[in-house]
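Pasted below: target_27.csv, CSV, C-alpha atoms.
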```csv
chain,number,residue,atom,x,y,z
K,1238,MET,CA,-38.8,-107.6,39.0
K,1239,SER,CA,-37.4,-106.2,35.8
K,1240,ILE,CA,-34.0,-107.2,34.5
K,1241,THR,CA,-32.7,-103.7,35.2
K,1242,THR,CA,-33.8,-103.9,38.8
K,1243,GLU,CA,-32.2,-107.4,39.2
K,1244,VAL,CA,-28.9,-106.1,37.9
K,1245,ALA,CA,-29.0,-103.0,40.0
K,1246,SER,CA,-29.7,-105.1,43.1
K,1247,GLY,CA,-26.7,-107.2,42.4
K,1248,VAL,CA,-24.5,-104.3,41.7
K,1249,ASP,CA,-25.8,-102.5,44.8
K,1250,SER,CA,-25.2,-105.6,46.9
K,1251,PRO,CA,-23.6,-104.6,50.2
K,1252,ASP,CA,-21.4,-107.7,50.0
K,1253,PRO,CA,-18.4,-106.8,47.8
K,1254,GLY,CA,-17.6,-110.5,47.7
K,1255,VAL,CA,-20.5,-111.1,45.2
K,1256,GLY,CA,-19.3,-108.4,42.9
K,1257,LEU,CA,-15.7,-109.6,43.1
K,1258,ARG,CA,-16.7,-113.2,42.5
K,1259,ALA,CA,-18.6,-111.9,39.4
K,1260,VAL,CA,-15.4,-110.2,38.2
K,1261,ALA,CA,-13.3,-113.3,38.8
K,1262,SER,CA,-15.9,-115.5,37.0
K,1263,LEU,CA,-15.9,-113.1,34.1
K,1264,ARG,CA,-12.1,-113.5,33.7
K,1265,ILE,CA,-12.4,-117.3,33.8
K,1266,LEU,CA,-15.2,-117.1,31.3
K,1267,ALA,CA,-13.2,-114.9,29.1
K,1268,ASP,CA,-10.2,-117.2,29.3
K,1269,ARG,CA,-12.2,-120.2,28.3
K,1270,LEU,CA,-13.9,-118.4,25.4
K,1271,GLU,CA,-10.5,-117.0,24.3
K,1272,HIS,CA,-9.0,-120.5,24.3
K,1273,LEU,CA,-11.8,-121.9,22.2
K,1274,HIS,CA,-11.8,-119.1,19.7
K,1275,VAL,CA,-8.0,-119.0,19.4
K,1276,ARG,CA,-7.9,-122.7,18.6
K,1277,ARG,CA,-10.6,-122.3,16.0
K,1278,ALA,CA,-8.8,-119.3,14.4
K,1279,ARG,CA,-5.5,-121.3,14.3
K,1280,GLY,CA,-7.4,-124.2,12.7
K,1281,LEU,CA,-8.6,-121.8,10.1
K,1282,GLY,CA,-5.1,-120.7,9.3
K,1283,TRP,CA,-5.0,-117.4,11.2
K,1284,SER,CA,-1.5,-116.3,12.1
K,1285,TRP,CA,-0.6,-115.5,15.7
K,1286,GLN,CA,-0.2,-111.9,14.8
K,1287,GLU,CA,-3.7,-111.7,13.3
K,1288,ILE,CA,-5.1,-113.2,16.5
K,1289,ALA,CA,-3.1,-110.9,18.7
K,1290,ASP,CA,-4.3,-107.9,16.8
K,1291,VAL,CA,-7.9,-108.7,17.4
K,1292,LEU,CA,-7.3,-109.6,21.1
K,1293,GLY,CA,-5.4,-106.3,21.5
K,1294,VAL,CA,-2.3,-108.0,23.0
K,1295,SER,CA,1.2,-108.7,21.7
K,1296,LYS,CA,1.9,-111.6,19.4
K,1297,GLN,CA,4.3,-112.9,22.1
K,1298,ALA,CA,1.6,-112.9,24.8
K,1299,VAL,CA,-0.9,-114.8,22.7
K,1300,HIS,CA,1.7,-117.3,21.5
K,1301,LYS,CA,2.9,-117.9,25.1
K,1302,LYS,CA,-0.6,-118.5,26.4
K,1303,HIS,CA,-2.0,-120.7,23.6
K,1304,ARG,CA,0.8,-122.4,21.7
I,818,MET,CA,19.8,-118.8,49.5
I,819,PHE,CA,18.5,-122.1,51.0
I,820,GLU,CA,21.9,-123.5,52.2
I,821,ARG,CA,21.4,-121.9,55.7
I,822,PHE,CA,17.9,-123.2,56.1
I,823,THR,CA,17.5,-126.0,58.6
I,824,SER,CA,15.7,-129.1,57.3
I,825,ASP,CA,12.7,-127.9,59.3
I,826,ALA,CA,12.7,-124.6,57.4
I,827,ARG,CA,13.1,-126.4,54.1
I,828,ASN,CA,10.1,-128.5,54.9
I,829,VAL,CA,8.1,-125.3,55.4
I,830,VAL,CA,9.1,-124.2,51.9
I,831,THR,CA,8.3,-127.5,50.3
I,832,GLY,CA,5.1,-127.6,52.4
I,833,ALA,CA,4.1,-124.2,51.0
I,834,VAL,CA,4.6,-125.5,47.4
I,835,GLU,CA,2.4,-128.6,48.3
I,836,ALA,CA,-0.3,-126.4,49.9
I,837,ALA,CA,-0.4,-124.2,46.8
I,838,THR,CA,-0.5,-127.3,44.5
I,839,GLN,CA,-3.3,-128.9,46.5
I,840,ARG,CA,-5.4,-125.7,46.5
I,841,GLY,CA,-4.8,-125.1,42.8
I,842,ASP,CA,-3.4,-121.7,43.5
I,843,ARG,CA,-1.2,-120.1,40.8
I,844,THR,CA,1.5,-118.5,43.0
I,845,ILE,CA,3.0,-119.3,46.3
I,846,GLY,CA,2.2,-116.6,48.8
I,847,THR,CA,2.8,-116.0,52.5
I,848,GLN,CA,-0.5,-117.8,53.2
I,849,HIS,CA,1.0,-121.0,51.9
I,850,LEU,CA,4.2,-120.5,54.1
I,851,LEU,CA,1.9,-120.1,57.1
I,852,LEU,CA,-0.2,-123.1,56.1
I,853,ALA,CA,2.9,-125.3,55.9
I,854,ILE,CA,3.6,-124.3,59.6
I,855,THR,CA,0.0,-124.5,61.0
I,856,GLN,CA,-0.5,-127.9,59.5
I,857,ARG,CA,2.2,-129.3,61.7
I,858,ASP,CA,2.0,-130.1,65.4
I,859,ASP,CA,4.9,-128.5,67.2
I,860,ARG,CA,5.9,-125.6,69.4
I,861,LEU,CA,5.8,-123.1,66.5
I,862,SER,CA,2.4,-124.1,65.3
I,863,ALA,CA,1.2,-123.9,69.0
I,864,VAL,CA,2.5,-120.3,69.3
I,865,LEU,CA,0.7,-119.3,66.1
I,866,ALA,CA,-2.5,-121.0,67.2
I,867,ARG,CA,-2.3,-119.1,70.5
I,868,HIS,CA,-2.5,-115.9,68.4
I,869,GLY,CA,-5.4,-117.2,66.4
I,870,ILE,CA,-3.3,-118.2,63.4
I,871,THR,CA,-4.6,-121.6,62.6
I,872,THR,CA,-5.2,-123.6,59.4
I,873,ALA,CA,-8.9,-122.7,59.6
I,874,ALA,CA,-8.1,-118.9,60.1
I,875,ILE,CA,-5.8,-118.9,57.1
I,876,THR,CA,-8.2,-120.8,54.9
I,877,SER,CA,-10.9,-118.4,55.9
I,878,ALA,CA,-8.8,-115.2,55.3
I,879,ALA,CA,-7.2,-116.6,52.1
I,880,PRO,CA,-9.5,-119.1,50.5
I,881,ALA,CA,-8.1,-121.2,47.6
I,882,GLU,CA,-8.2,-119.4,44.2
I,883,THR,CA,-11.3,-120.6,42.4
I,884,HIS,CA,-11.2,-121.7,38.8
I,885,GLU,CA,-14.9,-122.2,38.7
I,886,ILE,CA,-17.5,-119.9,37.2
I,887,ASP,CA,-19.8,-118.6,39.9
I,888,GLU,CA,-23.0,-118.4,38.0
I,889,ASP,CA,-25.0,-116.8,40.8
I,890,ALA,CA,-22.4,-114.0,41.0
I,891,LEU,CA,-22.5,-113.4,37.3
I,892,ARG,CA,-26.3,-113.4,37.3
I,893,SER,CA,-26.1,-110.6,40.0
I,894,VAL,CA,-24.4,-108.4,37.4
I,895,GLY,CA,-26.8,-109.4,34.7
I,896,ILE,CA,-24.9,-112.1,32.9
I,897,ASP,CA,-26.8,-115.3,31.9
I,898,VAL,CA,-24.2,-118.1,31.9
I,899,ASP,CA,-26.8,-120.6,30.6
I,900,GLU,CA,-27.3,-118.5,27.5
I,901,ILE,CA,-23.5,-118.2,27.0
I,902,ARG,CA,-23.1,-122.0,27.5
I,903,ARG,CA,-25.9,-122.7,25.0
I,904,ARG,CA,-24.3,-120.6,22.3
I,905,THR,CA,-20.8,-121.8,23.0
I,906,GLU,CA,-21.9,-125.5,22.8
I,907,ASP,CA,-23.7,-124.6,19.5
I,908,ALA,CA,-20.4,-123.4,18.1
I,909,PHE,CA,-17.9,-125.7,19.8
I,910,GLY,CA,-19.8,-128.8,20.9
I,911,ALA,CA,-21.2,-130.2,24.2
I,912,GLY,CA,-19.3,-129.2,27.3
I,913,ALA,CA,-17.1,-126.7,25.5
I,914,LEU,CA,-17.5,-124.0,28.2
I,915,ASP,CA,-17.1,-126.3,31.1
I,916,VAL,CA,-13.8,-128.0,30.3
I,917,ASP,CA,-10.9,-126.0,31.6
I,918,ARG,CA,-8.7,-126.5,28.6
I,919,THR,CA,-6.5,-123.6,29.5
I,920,GLU,CA,-5.5,-125.3,32.8
I,921,ARG,CA,-5.1,-128.7,31.1
I,922,SER,CA,-2.9,-127.4,28.4
I,923,ARG,CA,-0.7,-125.7,31.0
I,924,ARG,CA,-0.3,-129.0,32.8
I,925,ARG,CA,0.5,-130.8,29.6
I,926,ALA,CA,3.3,-128.4,29.0
I,927,SER,CA,5.1,-129.5,32.1
I,928,PRO,CA,4.5,-133.2,32.5
I,929,LEU,CA,6.5,-133.3,35.8
I,930,GLY,CA,3.8,-131.2,37.4
I,931,ARG,CA,2.8,-127.6,37.3
I,932,HIS,CA,5.5,-125.2,38.2
I,933,ILE,CA,4.2,-122.7,40.7
I,934,PRO,CA,6.3,-119.6,41.1
I,935,PHE,CA,6.9,-117.8,44.4
I,936,GLY,CA,5.0,-114.5,44.6
I,937,LYS,CA,6.6,-111.3,45.6
I,938,ASP,CA,5.2,-111.5,49.1
I,939,ALA,CA,6.6,-115.0,49.8
I,940,LYS,CA,10.0,-114.0,48.3
I,941,GLN,CA,10.1,-111.0,50.5
I,942,ALA,CA,9.2,-113.1,53.6
I,943,LEU,CA,12.1,-115.5,52.8
I,944,GLU,CA,14.5,-112.5,52.5
I,945,ASN,CA,13.1,-111.0,55.7
I,946,SER,CA,13.7,-114.3,57.5
I,947,LEU,CA,17.3,-114.3,56.2
I,948,ARG,CA,17.8,-110.7,57.3
I,949,ALA,CA,16.3,-111.5,60.8
I,950,ALA,CA,18.8,-114.4,61.2
I,951,VAL,CA,21.7,-112.3,60.1
I,952,ASN,CA,20.8,-109.4,62.3
I,953,ARG,CA,20.4,-111.7,65.3
I,954,GLY,CA,23.6,-113.5,64.6
I,955,ASP,CA,21.8,-116.8,64.1
I,956,LYS,CA,23.7,-119.3,62.1
I,957,GLU,CA,20.7,-121.0,60.7
I,958,ILE,CA,17.3,-120.1,59.4
I,959,THR,CA,14.6,-122.1,61.1
I,960,ALA,CA,10.8,-122.4,60.6
I,961,ALA,CA,10.3,-119.7,63.3
I,962,HIS,CA,12.5,-117.3,61.3
I,963,LEU,CA,10.2,-117.9,58.3
I,964,ALA,CA,7.2,-117.0,60.4
I,965,LEU,CA,9.0,-113.9,61.6
I,966,GLY,CA,9.8,-113.1,58.0
I,967,VAL,CA,6.1,-113.3,57.1
I,968,LEU,CA,5.2,-111.1,60.1
I,969,SER,CA,7.8,-108.4,59.5
I,970,GLY,CA,6.9,-108.0,55.8
I,971,SER,CA,3.1,-108.1,56.6
I,972,ALA,CA,2.8,-108.6,52.8
I,973,GLY,CA,0.4,-111.0,51.1
I,974,LYS,CA,-2.6,-112.7,52.6
I,975,GLY,CA,-0.6,-114.5,55.2
I,976,GLY,CA,1.3,-111.4,56.2
I,977,ARG,CA,-1.8,-109.3,56.5
I,978,LEU,CA,-3.5,-112.0,58.6
I,979,MET,CA,-0.5,-112.1,60.9
I,980,ALA,CA,-0.3,-108.3,61.2
I,981,SER,CA,-4.0,-108.2,62.1
I,982,ARG,CA,-3.4,-110.7,64.9
I,983,ALA,CA,-0.2,-109.3,66.1
I,984,ASN,CA,-0.4,-107.6,69.5
I,985,GLY,CA,3.3,-107.1,70.1
I,986,GLU,CA,3.6,-110.5,71.8
I,987,LEU,CA,3.5,-112.5,68.7
I,988,ARG,CA,6.9,-111.3,67.6
I,989,ALA,CA,8.4,-111.9,71.1
I,990,ASP,CA,6.9,-115.4,71.1
I,991,LEU,CA,8.4,-116.3,67.8
I,992,ILE,CA,11.8,-115.0,68.9
I,993,ALA,CA,11.4,-117.2,72.0
I,994,VAL,CA,10.9,-120.2,69.8
I,995,ILE,CA,14.1,-119.4,67.9
I,996,GLY,CA,15.9,-119.2,71.3
I,997,VAL,CA,19.0,-117.3,72.3
I,998,PRO,CA,21.5,-116.7,69.5
I,999,PRO,CA,25.1,-117.6,70.1
I,1000,GLU,CA,26.1,-114.0,70.0
I,1001,ALA,CA,23.3,-111.5,70.3
I,1002,ASP,CA,23.7,-108.6,68.0
I,1003,ASP,CA,21.6,-105.5,67.8
I,1004,GLY,CA,22.0,-105.7,64.2
I,1005,GLY,CA,21.5,-102.7,62.0
I,1006,ASP,CA,21.6,-102.9,58.3
I,1007,THR,CA,23.8,-106.0,58.0
I,1008,THR,CA,24.6,-107.2,54.5
I,1009,TYR,CA,23.8,-110.7,53.6
I,1010,GLY,CA,26.5,-113.2,54.3
I,1011,VAL,CA,25.2,-115.8,52.0
I,1012,GLY,CA,25.0,-116.3,48.3
I,1013,THR,CA,21.8,-116.8,46.4
I,1014,GLY,CA,22.8,-120.0,44.6
```

Would you mind writing the structure in this file as C-alpha cells?
Amino acid sequence: MSITTEVASGVDSPDPGVGLRAVASLRILADRLEHLHVRRARGLGWSWQEIADVLGVSKQAVHKKHR
Amino acid sequence: MFERFTSDARNVVTGAVEAATQRGDRTIGTQHLLLAITQRDDRLSAVLARHGITTAAITSAAPAETHEIDEDALRSVGIDVDEIRRRTEDAFGAGALDVDRTERSRRRASPLGRHIPFGKDAKQALENSLRAAVNRGDKEITAAHLALGVLSGSAGKGGRLMASRANGELRADLIAVIGVPPEADDGGDTTYGVGTG
C-alpha cells in the first residue's frame, strides 16, 4: 500500500473518532514542541515579542502560557 | 451563590471538582456534576440510574480528556510520530517529546493544586438549579435541583446525555426527589433572591 493510499484510508475512515483523535493529538504534539522551542528561544535571548511574532499570537498570550 | 445550597448540594459541587481533577480534565462541565451524583448511593443516584444515567454511561459519553499522543490516529492521517520523536530528541535530548512539561509547569505555578475553572455549561446548570428553586419556592438548593439544572440546560456533555435519556419522566422523578415545596408557586420569570457572593 502506498503512503498516499494509507493516508487516504485514514482520512476516509468511517469512524470520525479516529480523525478527531488525530486532531487532538496534533494539538498536544504542537503544544509540546512549542514549549521546547519557546524555552530554547528564551535561552538564546529572544524577547517574548519576537517569539510571539513567529508564533502568530500576542505577546501577552505567549507570556501567559510559557513564563 | 452557594449560601442556599444544602451541604448535600455543596458536596456535589466539590465532588465535581474532584472528578475533574482525577480525570485530568481542564474545565468542570455538567458531566462532572453528574458524576458527583452517580458516584453516590442514594435516592437521587437511583433515579438517575433508572433512566440510564450511571457512572459508566457518563464515562462512555464523556471520556476523560486525553493528554496522550495517539500515535495510531496520527499515523492514519499520515504523521509519523516516531520520526518526530527522533528529531526532537536529537535537538532536545532523550524523552523530550514525551514529557508533558506544559502540564508540569502549570502545576508548579499553583502549588496548592491545579485550579480548574467551571465551564459555561456547568455555570449555566448551577444558575438553572437556582432558578428552579426560586420558581418552585424552595428555600434550599439540593443535589436534585442541581440534576434538574443540568437537565433543563441540556448543555455540555452531561446535559446532552441527560437530554438524550429524558422521556418526560426524568424531570418528574427529579422533582419527586425534591419533594413538595412549602408554598408551590407556578413561577414565571422570578428574579434571583440571593446574592452571588

If you take all atoms listed in the file and a cut-off of 6 Å, which residues of chain I touch chain K, and what are their nearest atom pairs and distances in Å to one decimal, in chain and number order, as JSON lines?
```
{"residue": "I:Ile886", "atom": "CA", "partner": "K:Ser1262", "partner_atom": "CA", "distance": 4.7}
{"residue": "I:Asp887", "atom": "CA", "partner": "K:Ser1262", "partner_atom": "CA", "distance": 5.8}
{"residue": "I:Ala890", "atom": "CA", "partner": "K:Ala1259", "partner_atom": "CA", "distance": 4.6}
{"residue": "I:Leu891", "atom": "CA", "partner": "K:Ala1259", "partner_atom": "CA", "distance": 4.7}
{"residue": "I:Ser893", "atom": "CA", "partner": "K:Gly1247", "partner_atom": "CA", "distance": 4.2}
{"residue": "I:Val894", "atom": "CA", "partner": "K:Val1244", "partner_atom": "CA", "distance": 5.1}
{"residue": "I:Gly895", "atom": "CA", "partner": "K:Val1244", "partner_atom": "CA", "distance": 5.1}
```

Identify which of the residues I:His868, I:Arg948, I:Arg904, I:Lys940 lies closest to Arg982 of chain I, counting all atoms listed in the file when measuring atom-to-atom distances.
I:His868

Within 8 Å of Ile1288 of chain K, counting all atoms listed in the file, which residues qualify if same-chain residues fewer than 3 places away don't, as a count of residues only?
9

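Taking atom CA of Ala873 of chain I as the reference point, atom CA of Gln848 of chain I is found at 11.6 Å.
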
For Ala960 of chain I, find every residue with an atom within 7 Å (counting all atoms listed in the file), except residues of its own chain fewer than 4 positions away, and show them as a PDB file with C-alpha atoms, in the coordinates of the input.
```
ATOM      1  CA  ASP I 825      12.700-127.900  59.300  1.00  0.00           C
ATOM      2  CA  ALA I 826      12.700-124.600  57.400  1.00  0.00           C
ATOM      3  CA  VAL I 829       8.100-125.300  55.400  1.00  0.00           C
ATOM      4  CA  ALA I 964       7.200-117.000  60.400  1.00  0.00           C
TER       5      ALA I 964
END
```

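Atom CA of Gly966 of chain I to atom CA of Leu943 of chain I spans 6.2 Å [interatomic distance, one decimal].
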
Please identify all polymer residues within 12 Å of Asp859 of chain I, counting all atoms listed in the file, omitting same-chain residues fewer than 4 positions from it, and present them as a compact mmCIF listing (two decimals) with C-alpha atoms, in the coordinates of the input.
```
# COMPACT_ATOMS: atom_id res chain seq x y z
CA ASP I 825 12.70 -127.90 59.30
CA ALA I 853 2.90 -125.30 55.90
CA ILE I 854 3.60 -124.30 59.60
CA THR I 855 0.00 -124.50 61.00
CA ALA I 863 1.20 -123.90 69.00
CA VAL I 864 2.50 -120.30 69.30
CA LEU I 865 0.70 -119.30 66.10
CA ALA I 866 -2.50 -121.00 67.20
CA ALA I 960 10.80 -122.40 60.60
CA ALA I 961 10.30 -119.70 63.30
CA VAL I 994 10.90 -120.20 69.80
```

State, in Å with one decimal place, the distance from atom CA of Ala911 of chain I to atom CA of Glu888 of chain I.
18.2 Å

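The nearest approach to Ala878 of chain I among the residues I:Lys956, I:Arg827, I:His932, I:His849, with all atoms listed in the file taken into account, belongs to I:His849.
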
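Between Asn984 of chain I and the candidates I:Leu852, I:Leu968, I:Thr831, I:Thr905, the tightest atom-to-atom separation, counting only C-alpha atoms, involves I:Leu968.
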